[in-house]
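Enquirer: Enclosed is the structure file model.txt (compact mmCIF, C-alpha atoms and all ligand atoms).
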```
# COMPACT_ATOMS: atom_id res chain seq x y z
CA MET N 1 18.26 8.99 81.89
CA THR N 2 19.18 7.87 78.41
CA ALA N 3 16.78 7.92 75.51
CA SER N 4 16.54 4.14 75.41
CA ALA N 5 15.88 3.94 79.15
CA GLN N 6 13.09 6.48 78.78
CA PHE N 7 11.65 4.41 76.00
CA GLN N 8 11.63 1.27 78.16
CA TRP N 9 10.08 3.12 81.09
CA SER N 10 7.22 4.33 78.88
CA LYS N 11 6.27 0.69 78.39
CA VAL N 12 5.56 0.10 82.07
CA GLN N 13 4.17 3.54 82.96
CA ILE N 14 0.45 4.08 83.03
CA GLN N 15 -1.01 7.25 81.57
CA VAL N 16 -1.25 9.91 84.26
CA ASP N 17 -3.04 13.06 83.19
CA PRO N 18 -3.01 16.48 84.92
CA GLN N 19 -6.39 15.91 86.60
CA GLY N 20 -5.07 12.85 88.38
CA GLN N 21 -7.19 10.45 86.30
CA GLY N 22 -4.31 7.97 86.23
CA VAL N 23 -4.22 7.41 89.99
CA ARG N 24 -8.01 7.35 90.09
CA SER N 25 -8.15 4.72 87.37
CA VAL N 26 -5.66 2.57 89.29
CA TYR N 27 -7.81 2.92 92.41
CA GLN N 28 -10.85 1.83 90.43
CA ILE N 29 -8.99 -1.20 89.12
CA VAL N 30 -8.04 -2.16 92.68
CA GLU N 31 -11.62 -1.63 93.88
CA LYS N 32 -13.07 -3.77 91.11
CA ASN N 33 -10.84 -6.68 92.05
CA ILE N 34 -11.79 -6.87 95.71
CA LYS N 35 -14.63 -9.16 96.62
CA VAL N 36 -16.29 -9.77 99.97
CA LEU N 37 -16.81 -13.33 101.20
CA LEU N 38 -19.84 -12.74 103.35
CA GLY N 39 -19.77 -13.41 107.07
CA ASP N 40 -22.27 -11.41 109.11
CA GLY N 41 -22.61 -8.83 106.28
CA ARG N 42 -22.21 -5.86 108.63
CA ASN N 43 -19.26 -4.28 106.87
CA THR N 44 -20.46 -4.84 103.33
CA SER N 45 -22.45 -2.34 101.32
CA LEU N 46 -25.38 -4.09 99.65
CA TYR N 47 -25.14 -1.99 96.50
CA TYR N 48 -21.56 -0.76 96.21
CA ASP N 49 -19.38 -3.69 97.33
CA ILE N 50 -18.78 -6.79 95.25
CA TRP N 51 -20.15 -9.76 97.18
CA CYS N 52 -22.47 -11.76 94.93
CA THR N 53 -21.19 -11.77 91.36
CA ASP N 54 -17.94 -10.19 90.17
CA VAL N 55 -19.51 -6.73 89.89
CA SER N 56 -21.39 -4.53 92.37
CA ILE N 57 -25.14 -4.08 92.05
CA ALA N 58 -24.71 -0.31 91.52
CA GLU N 59 -22.44 -1.00 88.58
CA ILE N 60 -24.77 -3.55 87.00
CA LEU N 61 -27.71 -1.11 87.29
CA ASN N 62 -25.42 1.80 86.34
CA ASP N 63 -26.99 3.77 89.18
CA GLN N 64 -24.79 5.71 91.60
CA THR N 65 -27.77 7.22 93.50
CA LEU N 66 -28.52 4.04 95.51
CA ASP N 67 -28.40 4.25 99.29
CA THR N 68 -24.79 3.85 100.43
CA ALA N 69 -25.82 3.10 104.02
CA VAL N 70 -27.59 -0.23 103.29
CA ARG N 71 -25.52 -3.20 104.48
CA VAL N 72 -25.86 -6.81 103.46
CA SER N 73 -26.73 -7.54 107.11
CA ASP N 74 -29.93 -5.52 106.54
CA VAL N 75 -31.25 -8.25 104.21
CA MET N 76 -30.13 -11.20 106.32
CA ILE N 77 -31.24 -12.55 109.71
CA GLU N 78 -28.82 -15.02 111.35
CA GLY N 79 -27.40 -16.14 108.05
CA ILE N 80 -30.79 -16.54 106.32
CA TRP N 81 -31.78 -14.22 103.48
CA VAL N 82 -34.80 -12.09 104.46
CA ILE N 83 -34.95 -9.38 101.83
CA PRO N 84 -37.31 -6.39 102.10
CA ASP N 85 -39.26 -5.74 98.87
CA ALA N 86 -37.53 -2.46 98.00
CA HIS N 87 -34.10 -4.15 97.95
CA LEU N 88 -35.43 -7.39 96.47
CA GLN N 89 -36.69 -5.66 93.35
CA ARG N 90 -33.34 -3.97 92.73
CA MET N 91 -31.48 -7.24 93.23
CA ILE N 92 -33.77 -8.96 90.74
CA ASP N 93 -33.31 -6.05 88.31
CA ALA N 94 -29.56 -6.58 88.61
CA GLY N 95 -30.07 -10.19 87.49
CA LEU N 96 -29.11 -11.85 90.82
CA GLU N 97 -30.51 -15.34 91.30
CA ILE N 98 -32.25 -14.90 94.63
CA ASP N 99 -32.43 -18.67 95.29
CA ASN N 100 -28.76 -18.95 94.62
CA LEU N 101 -27.21 -16.20 96.75
CA PRO N 102 -23.88 -17.06 98.42
CA ARG N 103 -24.07 -18.88 101.71
CA PRO N 104 -22.47 -16.71 104.41
CA LEU N 105 -19.42 -17.97 106.31
CA ARG N 106 -19.25 -17.74 110.07
CA GLY N 107 -17.65 -14.63 111.59
CA GLU N 108 -16.92 -11.27 110.03
CA ASP N 109 -16.94 -10.39 106.35
CA LEU N 110 -13.71 -11.27 104.62
CA TRP N 111 -12.19 -9.20 101.84
CA VAL N 112 -10.37 -11.13 99.17
CA TRP N 113 -8.14 -9.96 96.33
CA MET N 114 -9.60 -11.79 93.33
CA PRO N 115 -6.51 -12.00 91.07
CA GLU N 116 -4.75 -14.27 93.63
CA PHE N 117 -6.13 -17.74 94.44
CA SER N 118 -5.16 -17.23 98.07
CA GLY N 119 -7.21 -14.01 98.17
CA GLU N 120 -4.21 -12.11 99.63
CA PHE N 121 -3.21 -8.86 97.97
CA SER N 122 0.15 -8.94 96.23
CA VAL N 123 1.99 -6.12 94.49
CA ARG N 124 2.94 -8.51 91.71
CA SER N 125 -0.63 -9.28 90.72
CA ALA N 126 -1.60 -5.59 91.02
CA VAL N 127 1.25 -4.59 88.71
CA SER N 128 0.20 -7.30 86.31
CA LEU N 129 -3.30 -5.79 86.22
CA ILE N 130 -2.25 -2.21 85.45
CA ARG N 131 0.71 -2.76 83.18
CA LYS N 132 0.34 -2.73 79.46
CA LYS N 133 0.69 -6.27 78.15
CA TYR N 134 2.61 -7.26 75.07
CA PRO N 135 2.35 -10.64 73.33
CA ASN N 136 4.84 -13.22 74.54
CA MET N 137 7.76 -13.68 72.21
CA ASP N 138 8.36 -17.23 71.04
CA GLY N 139 11.45 -18.66 72.64
CA ALA N 140 11.70 -16.03 75.39
CA SER N 141 11.11 -18.67 78.05
CA LEU N 142 14.00 -20.70 76.61
CA ILE N 143 16.62 -18.02 77.06
CA TRP N 144 15.48 -16.42 80.34
CA ARG N 145 16.02 -19.59 82.34
CA LYS N 146 18.19 -19.85 85.40
CA GLU N 147 20.53 -22.20 83.53
CA ILE N 148 21.43 -19.43 81.09
CA HIS N 149 23.68 -16.64 82.35
CA PRO N 150 21.82 -13.29 82.21
CA VAL N 151 24.54 -11.66 80.08
CA LEU N 152 24.24 -14.39 77.47
CA ALA N 153 20.44 -14.26 77.68
CA ALA N 154 20.49 -10.48 77.17
CA HIS N 155 22.65 -10.77 74.01
CA ASN N 156 20.31 -13.38 72.56
CA TRP N 157 17.26 -11.39 73.59
CA LYS N 158 18.55 -8.60 71.34
CA PHE N 159 18.93 -11.05 68.44
CA MET N 160 15.41 -12.33 69.03
CA CYS N 161 13.99 -8.81 68.98
CA GLY N 162 16.07 -7.98 65.89
CA ALA N 163 17.67 -5.11 67.83
CA CYS N 164 21.05 -5.18 66.07
CA ALA N 165 22.39 -2.45 63.81
CA THR N 166 22.98 -4.51 60.68
CA SER N 167 23.51 -2.67 57.39
CA ASP N 168 20.06 -3.47 56.02
CA LEU N 169 18.36 -1.92 59.07
CA ILE N 170 20.61 1.18 59.12
CA LYS N 171 20.04 1.78 55.45
CA GLY N 172 16.29 1.37 55.82
CA ARG N 173 15.97 3.62 58.84
CA PHE N 174 18.34 6.46 57.99
CA LYS N 175 18.06 6.28 54.22
CA ILE N 176 21.83 6.35 53.81
CA GLN N 177 24.13 4.41 51.56
CA LEU N 178 26.39 1.86 53.23
CA ALA N 179 28.60 -0.91 51.95
CA LYS N 180 26.05 -3.51 50.95
CA LYS N 181 28.06 -6.63 51.57
CA CYS N 182 28.58 -8.59 54.75
CA CYS N 183 31.98 -7.64 56.18
CA LEU N 184 32.84 -11.27 57.00
CA CYS N 185 32.22 -13.03 53.68
CA ASP N 186 31.95 -10.04 51.35
CA THR N 187 29.44 -11.84 49.14
CA ASP N 188 25.89 -11.39 50.47
CA GLU N 189 23.99 -8.44 51.90
CA GLU N 190 24.34 -8.09 55.66
CA THR N 191 21.20 -9.04 57.58
CA LEU N 192 21.00 -10.44 61.10
CA ASP N 193 19.98 -13.85 59.78
CA HIS N 194 22.93 -13.80 57.44
CA VAL N 195 25.51 -12.95 60.12
CA LEU N 196 24.18 -15.48 62.65
CA PHE N 197 23.27 -18.35 60.33
CA ASN N 198 23.85 -18.10 56.57
CA CYS N 199 27.26 -16.42 56.34
CA SER N 200 30.09 -18.80 55.44
CA PHE N 201 31.77 -18.14 58.82
CA ALA N 202 28.50 -18.87 60.66
CA ALA N 203 27.92 -21.99 58.54
CA ARG N 204 31.32 -23.36 59.53
CA ALA N 205 30.58 -22.74 63.20
CA ARG N 206 27.13 -24.28 62.85
CA ASN N 207 28.45 -27.42 61.15
CA TRP N 208 31.07 -27.83 63.84
CA ILE N 209 28.58 -27.67 66.74
CA SER N 210 25.96 -29.75 64.91
CA GLY N 211 28.62 -32.40 64.26
CA VAL N 212 29.60 -32.60 67.93
CA PHE N 213 25.99 -33.08 69.07
CA GLY N 214 24.78 -35.00 66.03
CA ILE N 215 21.81 -32.63 65.71
CA ASN N 216 20.76 -30.50 62.75
CA ALA N 217 20.83 -26.81 63.67
CA ASN N 218 17.97 -24.54 62.66
CA SER N 219 17.97 -20.73 62.59
CA ASN N 220 14.86 -20.91 64.80
CA LEU N 221 15.92 -21.49 68.39
CA ILE N 222 12.76 -23.36 69.42
CA ILE N 223 12.93 -25.81 66.50
CA SER N 224 16.61 -26.35 67.24
CA TYR N 225 15.95 -27.04 70.91
CA LYS N 226 13.10 -29.45 70.19
CA ALA N 227 15.32 -31.40 67.80
CA ALA N 228 17.62 -32.25 70.70
CA LYS N 229 16.97 -35.66 72.16
CA GLY N 230 18.76 -37.27 75.04
CA SER N 231 19.40 -36.37 78.64
CA PRO N 232 18.34 -33.01 80.14
CA MET N 233 22.03 -32.18 80.59
CA VAL N 234 22.86 -32.62 76.92
CA ARG N 235 19.76 -30.73 75.78
CA ASP N 236 20.66 -27.78 77.98
CA LEU N 237 24.24 -27.91 76.77
CA TRP N 238 23.03 -27.85 73.17
CA LEU N 239 20.92 -24.77 73.90
CA LEU N 240 23.85 -23.13 75.66
CA ALA N 241 26.17 -23.89 72.74
CA LYS N 242 23.68 -22.35 70.28
CA LEU N 243 23.34 -19.18 72.36
CA VAL N 244 27.09 -18.82 72.85
CA LEU N 245 27.66 -19.34 69.14
CA LYS N 246 25.23 -16.57 68.19
CA SER N 247 26.66 -14.18 70.73
CA GLU N 248 30.25 -14.85 69.59
CA LEU N 249 29.38 -14.61 65.88
CA TRP N 250 27.96 -11.16 66.53
CA ALA N 251 31.13 -10.23 68.44
CA VAL N 252 33.28 -11.38 65.48
CA ARG N 253 31.16 -9.29 63.11
CA ASN N 254 31.55 -6.22 65.35
CA LYS N 255 35.32 -6.66 65.59
CA ARG N 256 35.48 -6.77 61.82
CA PHE N 257 33.04 -3.91 61.32
CA PHE N 258 34.42 -1.43 63.86
CA GLU N 259 38.05 -2.50 64.38
CA GLN N 260 38.76 -4.06 60.98
CA LYS N 261 40.01 -7.23 62.68
CA LYS N 262 39.91 -10.25 60.39
CA PRO N 263 38.00 -13.21 61.82
CA ASN N 264 40.29 -16.03 62.88
CA TRP N 265 38.70 -19.46 63.07
CA SER N 266 41.18 -20.94 65.50
CA ILE N 267 40.75 -18.11 68.04
CA PHE N 268 36.98 -18.20 67.61
CA TYR N 269 36.88 -21.98 68.13
CA LYS N 270 38.92 -21.88 71.33
CA ARG N 271 36.99 -18.93 72.70
CA VAL N 272 33.60 -20.60 72.11
CA LEU N 273 34.78 -23.80 73.82
CA LYS N 274 36.04 -21.85 76.82
CA ILE N 275 32.87 -19.81 77.18
CA ILE N 276 30.63 -22.88 76.94
CA GLN N 277 32.72 -24.55 79.63
CA ASP N 278 32.49 -21.45 81.88
CA TYR N 279 28.76 -21.02 81.48
CA SER N 280 28.07 -24.75 81.94
CA VAL N 281 28.45 -24.44 85.73
CA ARG N 282 24.87 -23.20 85.75
CA LEU N 283 23.54 -26.42 84.20
CA HIS N 284 22.12 -28.89 86.69
CA GLY N 285 20.18 -31.46 84.63
CA HIS N 286 20.85 -35.17 84.93
CA MET N 287 22.98 -36.96 82.38
CA ASN N 288 22.29 -40.41 80.92
CA ASN N 289 24.59 -43.30 81.64
CA SER N 290 25.59 -43.52 77.97
CA ASP N 291 28.76 -43.19 75.87
CA GLU N 292 27.19 -40.38 73.81
CA ASP N 293 26.65 -38.19 76.85
CA VAL N 294 30.13 -38.81 78.20
CA VAL N 295 31.73 -37.98 74.83
CA ILE N 296 29.83 -34.69 74.51
CA LEU N 297 30.50 -33.59 78.08
CA ASP N 298 34.19 -34.49 77.77
CA TYR N 299 34.44 -32.56 74.50
CA PHE N 300 33.33 -29.35 76.21
CA ARG N 301 35.21 -30.30 79.41
CA VAL N 302 32.00 -30.05 81.33
CA ARG N 303 31.87 -31.68 84.75
CA HIS N 304 29.94 -34.96 84.72
CA ARG N 305 26.55 -34.88 86.41
CA SER N 306 24.60 -37.35 88.46
CA ILE N 307 22.52 -39.96 86.69
CA LYS N 308 18.84 -40.13 87.50
CA GLN N 309 18.17 -43.25 89.52
CA LEU N 310 14.74 -44.80 89.37
CA HIS N 311 13.44 -46.28 92.60
CA PRO N 312 10.34 -48.44 92.26
CA ILE N 313 7.59 -47.59 94.74
CA GLU N 314 4.87 -50.03 95.71
CA CYS N 315 1.35 -48.69 95.51
CA PHE N 316 -1.98 -50.30 96.36
CA TRP N 317 -5.63 -49.78 95.81
CA GLN N 318 -7.43 -49.83 99.12
CA PRO N 319 -11.20 -50.04 99.51
CA PRO N 320 -13.00 -47.40 101.60
CA ASN N 321 -14.38 -48.15 105.06
CA GLU N 322 -17.81 -49.80 105.15
CA ASP N 323 -19.82 -46.65 105.89
CA GLU N 324 -17.85 -44.40 103.53
CA ILE N 325 -18.21 -43.40 99.91
CA LEU N 326 -14.94 -43.26 97.99
CA LEU N 327 -14.38 -40.38 95.57
CA CYS N 328 -11.39 -40.81 93.26
CA CYS N 329 -10.33 -37.77 91.27
CA ASP N 330 -7.70 -36.82 88.78
CA GLY N 331 -7.22 -34.33 85.97
CA ALA N 332 -7.12 -30.56 85.61
CA GLN N 333 -10.15 -29.63 87.72
CA GLU N 334 -9.65 -31.84 90.77
CA LEU N 335 -11.07 -29.42 93.30
CA TYR N 336 -14.16 -28.89 91.17
CA GLY N 337 -14.51 -32.66 90.74
CA VAL N 338 -14.37 -33.21 94.50
CA ILE N 339 -17.01 -30.55 95.17
CA ILE N 340 -19.40 -31.92 92.53
CA GLY N 341 -18.81 -35.49 93.78
CA LEU N 342 -19.55 -34.59 97.40
CA GLU N 343 -22.63 -32.65 96.35
CA TRP N 344 -23.85 -35.62 94.34
CA ALA N 345 -23.22 -38.17 97.07
CA THR N 346 -25.50 -36.30 99.52
CA ARG N 347 -28.46 -37.67 97.46
CA TRP N 348 -27.83 -41.13 98.90
CA GLY N 349 -27.76 -39.88 102.46
CA ILE N 350 -24.09 -40.75 102.89
CA ARG N 351 -22.47 -39.03 105.86
CA LYS N 352 -18.85 -40.07 105.49
CA ALA N 353 -16.57 -39.66 102.52
CA CYS N 354 -13.04 -40.62 101.56
CA ILE N 355 -11.39 -38.56 98.81
CA ARG N 356 -8.52 -40.06 96.90
CA SER N 357 -6.40 -37.95 94.59
CA ASP N 358 -2.98 -38.28 93.01
CA SER N 359 -2.33 -34.57 93.38
CA TYR N 360 -0.52 -34.04 96.65
CA SER N 361 -1.14 -30.29 96.54
CA VAL N 362 -4.92 -30.76 96.23
CA VAL N 363 -4.98 -33.24 99.12
CA GLU N 364 -2.95 -30.86 101.29
CA ALA N 365 -5.12 -27.87 100.34
CA LEU N 366 -8.30 -29.78 101.24
CA ARG N 367 -6.88 -31.19 104.45
CA ASN N 368 -5.89 -27.74 105.71
CA SER N 369 -8.96 -26.01 104.25
CA ASN N 370 -6.44 -23.86 102.40
CA LEU N 371 -8.66 -23.42 99.37
CA PRO N 372 -8.78 -20.79 96.63
CA TRP N 373 -11.05 -17.95 97.74
CA PHE N 374 -13.76 -18.71 95.17
CA ALA N 375 -14.26 -22.27 96.45
CA ARG N 376 -14.29 -21.51 100.19
CA GLN N 377 -18.00 -20.72 100.62
CA ILE N 378 -19.30 -23.65 98.61
CA TRP N 379 -16.76 -26.04 100.19
CA LEU N 380 -17.74 -25.17 103.76
CA ALA N 381 -21.44 -25.46 102.86
CA ILE N 382 -21.00 -28.94 101.33
CA VAL N 383 -18.66 -30.32 103.98
CA GLY N 384 -21.26 -29.26 106.55
CA ASN N 385 -23.47 -32.11 105.20
CA TYR N 386 -20.92 -34.74 106.21
CA GLU N 387 -19.92 -36.20 109.54
CA ALA N 388 -16.39 -36.89 108.35
CA VAL N 389 -14.36 -36.33 105.20
CA ARG N 390 -11.06 -38.15 104.89
CA PHE N 391 -8.33 -37.33 102.33
CA VAL N 392 -5.91 -39.87 100.95
CA HIS N 393 -3.03 -39.28 98.58
CA THR N 394 -2.39 -42.07 96.13
CA TYR N 395 -0.30 -42.65 93.01
CA ARG N 396 -1.93 -42.43 89.61
CA GLU N 397 -1.22 -46.10 88.99
CA ALA N 398 -3.46 -47.06 91.93
CA ASN N 399 -6.08 -44.48 90.98
CA PHE N 400 -6.74 -46.12 87.63
CA VAL N 401 -10.49 -45.50 87.37
CA ALA N 402 -10.14 -41.73 87.85
CA ASP N 403 -7.09 -41.67 85.59
CA ASN N 404 -9.06 -43.39 82.82
CA MET N 405 -12.10 -41.12 83.24
CA ALA N 406 -9.94 -37.97 83.32
CA LYS N 407 -8.32 -38.91 80.03
CA LYS N 408 -11.76 -39.30 78.44
CA GLY N 409 -12.89 -36.04 80.06
CA CYS N 410 -10.05 -34.14 78.37
CA LEU N 411 -11.62 -34.93 75.00
CA LEU N 412 -15.03 -33.44 75.86
CA ASP N 413 -16.06 -30.04 74.57
CA ASN N 414 -15.90 -27.04 76.87
CA GLY N 415 -18.77 -27.09 79.41
CA VAL N 416 -19.84 -30.67 78.59
CA GLY N 417 -20.04 -33.26 81.37
CA ILE N 418 -21.01 -36.95 81.32
CA HIS N 419 -22.11 -38.99 84.29
CA TYR N 420 -22.69 -42.71 84.65
CA GLU N 421 -24.73 -44.46 87.29
CA GLY N 422 -23.19 -47.88 87.67
CA ARG N 423 -20.15 -49.18 85.90
CA PRO N 424 -19.38 -47.52 82.53
CA ILE N 425 -18.93 -49.72 79.46
CA PHE N 426 -15.20 -48.98 79.04
ZN ZN L 1 28.62 -13.07 55.34
```
Can I see the file as structure tokens?

Expert:
Amino acid sequence: MTASAQFQWSKVQIQVDPQGQGVRSVYQIVEKNIKVLLGDGRNTSLYYDIWCTDVSIAEILNDQTLDTAVRVSDVMIEGIWVIPDAHLQRMIDAGLEIDNLPRPLRGEDLWVWMPEFSGEFSVRSAVSLIRKKYPNMDGASLIWRKEIHPVLAAHNWKFMCGACATSDLIKGRFKIQLAKKCCLCDTDEETLDHVLFNCSFAARARNWISGVFGINANSNLIISYKAAKGSPMVRDLWLLAKLVLKSELWAVRNKRFFEQKKPNWSIFYKRVLKIIQDYSVRLHGHMNNSDEDVVILDYFRVRHRSIKQLHPIECFWQPPNEDEILLCCDGAQELYGVIIGLEWATRWGIRKACIRSDSYSVVEALRNSNLPWFARQIWLAIVGNYEAVRFVHTYREANFVADNMAKKGCLLDNGVGIHYEGRPIF
């Protein structure tokens, strides 16, 4: 294994000490992320399993001497909480709201893996829990896209991390004297920014590409990308051209530095065009039906793409059935909105509900009872109050009341809710 590979591996390893604390700590992490959705409570330890809050009672009380044999079924008779005094006091000490304990589901206890909404264990989420996390680097999501070839992305990743042996870095790290000047222009000191953006050779390349697209280039990739307007195809091509340019400028610098080959503009120009054309096969965005797009694509000899066609769709608002209450929802917390709405509507003794949402995934999840694990208990309890609950998918344009309310809701502070009885003033 090379030194650099060892270095990378150290980033994903967890600390494992000779007493095996590492494996034990991983086990503890796994244990702390498993919760029991109560059924009959027979397989769940009252004190040591997580079933009520997100922590076990033993951990809240910091007491490992509690009886391990007590099951949740010992404090429950046919789904109703009947708690003997000895256990009741400890549960109160642990801060559990006794009037608000979870309502058991039918059947056996169900173990869920909390980091996943589905409750199913996945290696990916487990790795994400134990790995050491580093801050996201700006622009990383731009270059590691499927439209960008991994080799090109890897080159640009190095530039982004500043992992290039330019003279200023070598001098700083090894305290040695090197030729100070950039080997391409022989005027300024060599830094990465200089080679890829400010050097006269880089400036010529930048002006050329900027001229073709009619966009001002910026040394910051994100600012550059945001400056691009137009069709998805042209924006992706602009990003690709920028990445290819950087990668090829670095190659020119290396040829000069290590092989003493003088940079030749004509060769560079043809090579960049060819590489952009080759890599463009990965681009799949739509183009606009405009002269500008055609000119740019023809310039790089990129195959023309399909144009996005808009097909108008008719949508209607339909009233609910006579004996139903209609709940319209929209926004970020649709599932939560539906649950609160259904809970609220029980006050009027309504037994049938129709739920209308513009999110197809929410409608499908509700229809199939395929809910996130944390909503399953409360959902089943609330739906039990209704004779029938119907789900309808609609377009936002026909769900205008909810759309309007959701937009106002976005402006509220965290944790604040407003309700209106009757028609609001707006
Ligand atoms: Zn230079």

Enquirer: Between N:Leu371, N:Cys315, N:Ile34, N:Val212, single out the one closest to N:Pro115, counting all atoms listed in the file.

Expert: N:Ile34

Enquirer: Pick out the residues sitting within 9 Å of N:Leu237, and hand them over as number ranges by chain; count only C-alpha atoms, and ignore anything fewer than 5 positions along from it in its own chain.

Expert: N: 232, 242, 276, 280, 283, 297

Enquirer: What gap, in Å, lies between atom CA of N:Ala353 and atom CA of N:Tyr386?

Expert: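 Separation between atom CA of N:Ala353 and atom CA of N:Tyr386: 7.5 Å.
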
Enquirer: What does the distance from atom CA of N:Val26 to atom CA of N:Phe117 come to in Å, to one decimal?

Expert: 21.0 Å

Enquirer: What does the distance from atom CA of N:Gly119 to atom CA of N:Val36 come to in Å, to one decimal?

Expert: 10.2 Å

Enquirer: Between N:Ile57, N:Leu96, N:Ile29, N:Leu46, single out the one closest to N:Val72, counting all atoms listed in the file.

Expert: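 Of N:Ile57, N:Leu96, N:Ile29, N:Leu46, the one nearest N:Val72, counting all atoms listed in the file, is N:Leu46.
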